[in-house]
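Following: one structure in structure tokens, then a few remarks.
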Amino acid sequence: MDDRPTTAAPLVGILIGSPSDSATMQRASETLARLQIPCETLVRSAHRMPEETAAYARSARDRGLRVIIAGAGGAAHLAGTVAAHTRLPVLGEPLATSPLGGFDSLLATVQMPPGVPVGTLGVGAWGAKNAAHLALRILALEDAALARRIEAHAVARSRPGSRRGG
Ligand code: RP5
């Protein structure tokens, strides 16, 4: 995983706990790209890179980011740690990377204390795609052109014979 911003002006920051998370979380960046929303994907870890993770979250709004997606597996504290350091919407993506199969990641991500929300998605690739779709809908609240692209995408997906799967 290239630990650098992938565009000059990303609106969505995708954090992954490890390079080993990149294949699954690529589903999120692909979904955003399909709807023409710039994002960046970086490795940050609540446990292995706590200072860098906090610094990323604290500077995110000033850098122009509007939503952060955090994908991690196992004792998945990445999304919660990010949410502790920013008031931007944070979407947590539990990944099925440990021997416990993702239920551990789900529980580690989902039950945040009141006032420090993490919008938690489903485990694995489905959730990664839906994290992106939810980020798109958040951004579309203030972006009419994006709202139209989302609608067109949904209509195209609903046609008989279209490739489903988000
Ligand atoms: C988590 O531990 C990461 O998000 C990853 O899902 C898992 C394994 O990481 P590696 O040991 O492969 O770096 O922190």
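Labels used: A, B, ... for chains in the order of the structure tokens, numbers from 1 for residues in each chain, and numbers from 1 for ligands as shown.
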Taking the chain letters and numbering used in this document, name the residues of region 95-147 of chain A that DSSP puts in helix (DSSP H, G or I), as an NGL selection string.
:A and (103-110 or 125-140 or 144-147)
Put those residues in a file: N, CA and C atoms, as a short mmCIF file (atom, residue, chain, number, x, y, z; two decimals), in the first residue's frame.
```cif
data_model
loop_
_atom_site.label_atom_id
_atom_site.label_comp_id
_atom_site.auth_asym_id
_atom_site.auth_seq_id
_atom_site.Cartn_x
_atom_site.Cartn_y
_atom_site.Cartn_z
N PHE A 103 -16.20 -11.30 13.52
CA PHE A 103 -17.13 -10.97 14.60
C PHE A 103 -16.41 -10.17 15.69
N ASP A 104 -15.13 -10.50 15.89
CA ASP A 104 -14.30 -9.75 16.83
C ASP A 104 -14.16 -8.28 16.38
N SER A 105 -13.91 -8.09 15.09
CA SER A 105 -13.74 -6.73 14.56
C SER A 105 -15.04 -5.95 14.67
N LEU A 106 -16.15 -6.64 14.38
CA LEU A 106 -17.46 -5.99 14.48
C LEU A 106 -17.71 -5.49 15.89
N LEU A 107 -17.49 -6.34 16.87
CA LEU A 107 -17.75 -5.95 18.26
C LEU A 107 -16.79 -4.86 18.72
N ALA A 108 -15.55 -4.91 18.24
CA ALA A 108 -14.57 -3.90 18.64
C ALA A 108 -14.89 -2.53 18.03
N THR A 109 -15.64 -2.54 16.93
CA THR A 109 -15.91 -1.29 16.21
C THR A 109 -17.24 -0.67 16.61
N VAL A 110 -18.24 -1.51 16.87
CA VAL A 110 -19.62 -1.03 16.84
C VAL A 110 -20.08 -0.34 18.11
N ALA A 125 -16.06 -7.33 2.52
CA ALA A 125 -16.18 -6.60 1.25
C ALA A 125 -17.53 -5.91 1.09
N TRP A 126 -18.60 -6.58 1.53
CA TRP A 126 -19.90 -5.92 1.44
C TRP A 126 -19.89 -4.61 2.23
N GLY A 127 -19.37 -4.69 3.43
CA GLY A 127 -19.33 -3.50 4.27
C GLY A 127 -18.41 -2.43 3.69
N ALA A 128 -17.30 -2.85 3.11
CA ALA A 128 -16.38 -1.87 2.51
C ALA A 128 -17.08 -1.10 1.39
N LYS A 129 -17.82 -1.81 0.57
CA LYS A 129 -18.58 -1.13 -0.49
C LYS A 129 -19.63 -0.20 0.12
N ASN A 130 -20.33 -0.70 1.12
CA ASN A 130 -21.39 0.11 1.71
C ASN A 130 -20.84 1.30 2.49
N ALA A 131 -19.65 1.19 3.03
CA ALA A 131 -19.03 2.35 3.67
C ALA A 131 -18.87 3.46 2.64
N ALA A 132 -18.44 3.09 1.45
CA ALA A 132 -18.30 4.08 0.39
C ALA A 132 -19.66 4.63 -0.04
N HIS A 133 -20.64 3.74 -0.18
CA HIS A 133 -21.97 4.22 -0.58
C HIS A 133 -22.55 5.18 0.48
N LEU A 134 -22.31 4.88 1.74
CA LEU A 134 -22.82 5.76 2.80
C LEU A 134 -22.07 7.10 2.79
N ALA A 135 -20.76 7.04 2.57
CA ALA A 135 -19.99 8.28 2.45
C ALA A 135 -20.51 9.13 1.29
N LEU A 136 -20.82 8.47 0.18
CA LEU A 136 -21.36 9.20 -0.97
C LEU A 136 -22.67 9.89 -0.62
N ARG A 137 -23.52 9.20 0.11
CA ARG A 137 -24.81 9.80 0.48
C ARG A 137 -24.63 10.96 1.45
N ILE A 138 -23.65 10.87 2.32
CA ILE A 138 -23.36 12.01 3.21
C ILE A 138 -22.89 13.20 2.39
N LEU A 139 -21.97 12.96 1.48
CA LEU A 139 -21.46 14.05 0.64
C LEU A 139 -22.55 14.63 -0.24
N ALA A 140 -23.47 13.79 -0.69
CA ALA A 140 -24.53 14.24 -1.60
C ALA A 140 -25.53 15.18 -0.93
N ALA A 144 -25.49 18.52 -5.18
CA ALA A 144 -26.62 18.08 -6.01
C ALA A 144 -26.16 17.25 -7.20
N ALA A 145 -25.02 17.59 -7.76
CA ALA A 145 -24.53 16.83 -8.92
C ALA A 145 -24.20 15.39 -8.51
N LEU A 146 -23.60 15.25 -7.35
CA LEU A 146 -23.31 13.89 -6.86
C LEU A 146 -24.62 13.14 -6.58
N ALA A 147 -25.60 13.83 -6.01
CA ALA A 147 -26.88 13.17 -5.76
C ALA A 147 -27.47 12.63 -7.06
#
```
Near-ligand residues for ligand 1, threshold 12 Å, only C-alpha atoms and all ligand atoms, as an mmCIF file with N, CA and C atoms, in the first residue's frame:
```
data_model
loop_
_atom_site.group_PDB
_atom_site.id
_atom_site.type_symbol
_atom_site.label_atom_id
_atom_site.label_comp_id
_atom_site.auth_asym_id
_atom_site.auth_seq_id
_atom_site.Cartn_x
_atom_site.Cartn_y
_atom_site.Cartn_z
ATOM 1 N N MET A 1 0.845 -1.199 0.000
ATOM 2 C CA MET A 1 0.000 0.000 0.000
ATOM 3 C C MET A 1 0.878 1.247 0.000
ATOM 4 N N LEU A 15 -8.721 4.885 5.875
ATOM 5 C CA LEU A 15 -7.602 4.386 6.673
ATOM 6 C C LEU A 15 -7.716 2.880 6.788
ATOM 7 N N ILE A 16 -6.584 2.209 6.676
ATOM 8 C CA ILE A 16 -6.551 0.762 6.872
ATOM 9 C C ILE A 16 -5.505 0.446 7.935
ATOM 10 N N GLY A 17 -5.821 -0.562 8.745
ATOM 11 C CA GLY A 17 -4.954 -0.871 9.867
ATOM 12 C C GLY A 17 -3.648 -1.523 9.474
ATOM 13 N N SER A 18 -3.609 -2.069 8.269
ATOM 14 C CA SER A 18 -2.430 -2.806 7.814
ATOM 15 C C SER A 18 -2.483 -2.902 6.295
ATOM 16 N N PRO A 19 -1.321 -3.025 5.651
ATOM 17 C CA PRO A 19 -1.346 -3.298 4.201
ATOM 18 C C PRO A 19 -2.149 -4.556 3.870
ATOM 19 N N SER A 20 -2.250 -5.474 4.832
ATOM 20 C CA SER A 20 -3.002 -6.703 4.549
ATOM 21 C C SER A 20 -4.509 -6.453 4.432
ATOM 22 N N ASP A 21 -4.958 -5.255 4.792
ATOM 23 C CA ASP A 21 -6.379 -4.900 4.652
ATOM 24 C C ASP A 21 -6.698 -4.299 3.286
ATOM 25 N N SER A 22 -5.680 -4.063 2.479
ATOM 26 C CA SER A 22 -5.886 -3.226 1.296
ATOM 27 C C SER A 22 -6.800 -3.866 0.250
ATOM 28 N N ALA A 23 -6.719 -5.183 0.070
ATOM 29 C CA ALA A 23 -7.537 -5.801 -0.983
ATOM 30 C C ALA A 23 -9.023 -5.617 -0.708
ATOM 31 N N THR A 24 -9.425 -5.822 0.530
ATOM 32 C CA THR A 24 -10.846 -5.643 0.873
ATOM 33 C C THR A 24 -11.246 -4.180 0.805
ATOM 34 N N MET A 25 -10.414 -3.311 1.364
ATOM 35 C CA MET A 25 -10.798 -1.905 1.415
ATOM 36 C C MET A 25 -10.713 -1.213 0.060
ATOM 37 N N LEU A 42 -4.619 5.377 3.241
ATOM 38 C CA LEU A 42 -3.369 5.365 3.994
ATOM 39 C C LEU A 42 -3.417 4.302 5.083
ATOM 40 N N VAL A 43 -2.264 3.767 5.403
ATOM 41 C CA VAL A 43 -2.143 2.845 6.533
ATOM 42 C C VAL A 43 -1.964 3.663 7.812
ATOM 43 N N ARG A 44 -2.884 3.454 8.732
ATOM 44 C CA ARG A 44 -2.783 4.013 10.077
ATOM 45 C C ARG A 44 -3.284 2.937 11.028
ATOM 46 N N SER A 45 -2.682 2.831 12.178
ATOM 47 C CA SER A 45 -3.082 1.783 13.112
ATOM 48 C C SER A 45 -3.254 2.363 14.509
ATOM 49 N N ALA A 46 -4.389 2.038 15.127
ATOM 50 C CA ALA A 46 -4.634 2.511 16.489
ATOM 51 C C ALA A 46 -3.578 1.985 17.447
ATOM 52 N N HIS A 47 -3.061 0.804 17.151
ATOM 53 C CA HIS A 47 -2.139 0.150 18.082
ATOM 54 C C HIS A 47 -0.675 0.332 17.694
ATOM 55 N N ARG A 48 -0.401 0.254 16.398
ATOM 56 C CA ARG A 48 0.990 0.313 15.953
ATOM 57 C C ARG A 48 1.439 1.727 15.599
ATOM 58 N N MET A 49 0.494 2.609 15.302
ATOM 59 C CA MET A 49 0.819 3.983 14.903
ATOM 60 C C MET A 49 -0.137 4.954 15.604
ATOM 61 N N PRO A 50 -0.193 4.904 16.930
ATOM 62 C CA PRO A 50 -1.208 5.724 17.618
ATOM 63 C C PRO A 50 -1.037 7.223 17.407
ATOM 64 N N ALA A 70 -12.686 3.933 8.194
ATOM 65 C CA ALA A 70 -11.574 3.236 8.844
ATOM 66 C C ALA A 70 -11.848 1.740 8.852
ATOM 67 N N GLY A 71 -10.987 0.996 8.181
ATOM 68 C CA GLY A 71 -11.147 -0.452 8.100
ATOM 69 C C GLY A 71 -10.023 -1.156 8.841
ATOM 70 N N ALA A 72 -10.405 -2.057 9.752
ATOM 71 C CA ALA A 72 -9.391 -2.809 10.491
ATOM 72 C C ALA A 72 -9.972 -4.143 10.928
ATOM 73 N N GLY A 73 -9.073 -5.060 11.250
ATOM 74 C CA GLY A 73 -9.506 -6.385 11.682
ATOM 75 C C GLY A 73 -9.037 -6.691 13.085
ATOM 76 N N GLY A 74 -9.513 -7.796 13.628
ATOM 77 C CA GLY A 74 -9.120 -8.215 14.975
ATOM 78 C C GLY A 74 -9.649 -7.270 16.032
ATOM 79 N N ALA A 75 -8.773 -6.847 16.937
ATOM 80 C CA ALA A 75 -9.145 -5.855 17.945
ATOM 81 C C ALA A 75 -9.193 -4.499 17.254
ATOM 82 N N ALA A 76 -10.278 -4.285 16.527
ATOM 83 C CA ALA A 76 -10.345 -3.198 15.541
ATOM 84 C C ALA A 76 -10.737 -1.883 16.210
ATOM 85 N N HIS A 77 -9.749 -1.177 16.731
ATOM 86 C CA HIS A 77 -9.997 0.079 17.440
ATOM 87 C C HIS A 77 -9.709 1.294 16.579
ATOM 88 N N LEU A 78 -9.420 1.079 15.290
ATOM 89 C CA LEU A 78 -9.001 2.195 14.440
ATOM 90 C C LEU A 78 -10.108 3.240 14.286
ATOM 91 N N ALA A 79 -11.315 2.801 13.942
ATOM 92 C CA ALA A 79 -12.394 3.774 13.721
ATOM 93 C C ALA A 79 -12.703 4.543 15.005
ATOM 94 N N GLY A 92 -16.926 2.967 10.318
ATOM 95 C CA GLY A 92 -16.042 1.872 10.703
ATOM 96 C C GLY A 92 -16.335 0.619 9.912
ATOM 97 N N GLU A 93 -15.262 0.033 9.369
ATOM 98 C CA GLU A 93 -15.411 -1.157 8.546
ATOM 99 C C GLU A 93 -14.699 -2.339 9.211
ATOM 100 N N PRO A 94 -15.454 -3.257 9.808
ATOM 101 C CA PRO A 94 -14.819 -4.418 10.450
ATOM 102 C C PRO A 94 -14.370 -5.446 9.407
ATOM 103 N N LEU A 95 -13.130 -5.863 9.508
ATOM 104 C CA LEU A 95 -12.582 -6.787 8.511
ATOM 105 C C LEU A 95 -12.366 -8.173 9.110
ATOM 106 N N ALA A 96 -12.513 -9.168 8.264
ATOM 107 C CA ALA A 96 -12.449 -10.569 8.720
ATOM 108 C C ALA A 96 -11.043 -11.112 8.550
ATOM 109 N N THR A 97 -10.082 -10.490 9.239
ATOM 110 C CA THR A 97 -8.692 -10.904 9.026
ATOM 111 C C THR A 97 -8.140 -11.826 10.103
ATOM 112 N N SER A 98 -8.787 -11.882 11.237
ATOM 113 C CA SER A 98 -8.241 -12.700 12.330
ATOM 114 C C SER A 98 -8.855 -14.098 12.315
ATOM 115 N N PRO A 99 -8.323 -15.012 13.110
ATOM 116 C CA PRO A 99 -8.917 -16.359 13.187
ATOM 117 C C PRO A 99 -10.359 -16.360 13.689
ATOM 118 N N LEU A 100 -10.807 -15.260 14.283
ATOM 119 C CA LEU A 100 -12.188 -15.195 14.778
ATOM 120 C C LEU A 100 -13.170 -14.769 13.696
ATOM 121 N N GLY A 101 -12.677 -14.433 12.524
ATOM 122 C CA GLY A 101 -13.540 -14.302 11.350
ATOM 123 C C GLY A 101 -14.324 -13.019 11.193
ATOM 124 N N GLY A 102 -14.003 -11.990 11.966
ATOM 125 C CA GLY A 102 -14.653 -10.710 11.753
ATOM 126 C C GLY A 102 -15.671 -10.321 12.810
ATOM 127 N N ASP A 104 -15.128 -10.502 15.890
ATOM 128 C CA ASP A 104 -14.299 -9.745 16.826
ATOM 129 C C ASP A 104 -14.161 -8.284 16.382
ATOM 130 N N SER A 105 -13.909 -8.085 15.093
ATOM 131 C CA SER A 105 -13.743 -6.731 14.555
ATOM 132 C C SER A 105 -15.040 -5.947 14.672
ATOM 133 N N LEU A 106 -16.148 -6.640 14.382
ATOM 134 C CA LEU A 106 -17.459 -5.992 14.477
ATOM 135 C C LEU A 106 -17.709 -5.486 15.894
ATOM 136 N N ALA A 108 -15.553 -4.907 18.241
ATOM 137 C CA ALA A 108 -14.571 -3.898 18.636
ATOM 138 C C ALA A 108 -14.888 -2.534 18.031
ATOM 139 N N THR A 109 -15.636 -2.537 16.926
ATOM 140 C CA THR A 109 -15.910 -1.289 16.214
ATOM 141 C C THR A 109 -17.241 -0.672 16.611
ATOM 142 N N VAL A 123 -19.445 -6.667 7.923
ATOM 143 C CA VAL A 123 -18.087 -7.231 7.890
ATOM 144 C C VAL A 123 -17.641 -7.506 6.448
ATOM 145 N N GLY A 124 -16.399 -7.126 6.148
ATOM 146 C CA GLY A 124 -15.772 -7.556 4.899
ATOM 147 C C GLY A 124 -16.124 -6.705 3.687
#
```
So, counting only C-alpha atoms, which residue among A:Thr120, A:Thr53, A:Ser29, A:Ser59 is closest to Ile14 (chain A)?
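That would be A:Ser29, the residue with the smallest distance to Ile14 (chain A).
The coordinates place CA of Gly13 (chain A) at 27.0 Å from CA of Val155 (chain A).
Picture a line from CA of Arg149 (chain A) to CA of Ile37 (chain A); it runs 10.7 Å.
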Just the number, please: distance in Å from CA of Pro89 (chain A) to CA of Glu52 (chain A), one decimal.
18.9 Å
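When only C-alpha atoms are used to compute distances to Tyr56 (chain A), the closest of the residues A:Leu121, A:Ala28, A:Leu88, A:Ala33 turns out to be A:Leu88.
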A:Val82, A:Val116, A:Leu32, A:Ala156 ranked by distance to Ala60 (chain A), top pick (using only C-alpha atoms):
A:Val82
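These are the residues of region 41-147 of chain A assigned strand (DSSP E) by DSSP from backbone coordinates: A:Thr41, A:Leu42, A:Val43, A:Val67, A:Ile68, A:Ile69, A:Ala70, A:Gly71, A:Ala72, A:Gly73, A:Val90, A:Leu91, A:Gly92, A:Glu93, A:Pro94, A:Leu95, A:Gly119, A:Thr120.
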Given the choices A:Thr86, A:Ser158, A:Thr31, A:Thr41, which gets closest to Ala54 (chain A) if the distance is worked out from only C-alpha atoms?
A:Thr86
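Residue nearest Leu91 (chain A) within the list A:Gly161, A:Pro114, A:Gly64, A:Gly119: A:Gly119 [criterion: smallest interatomic distance, only C-alpha atoms].
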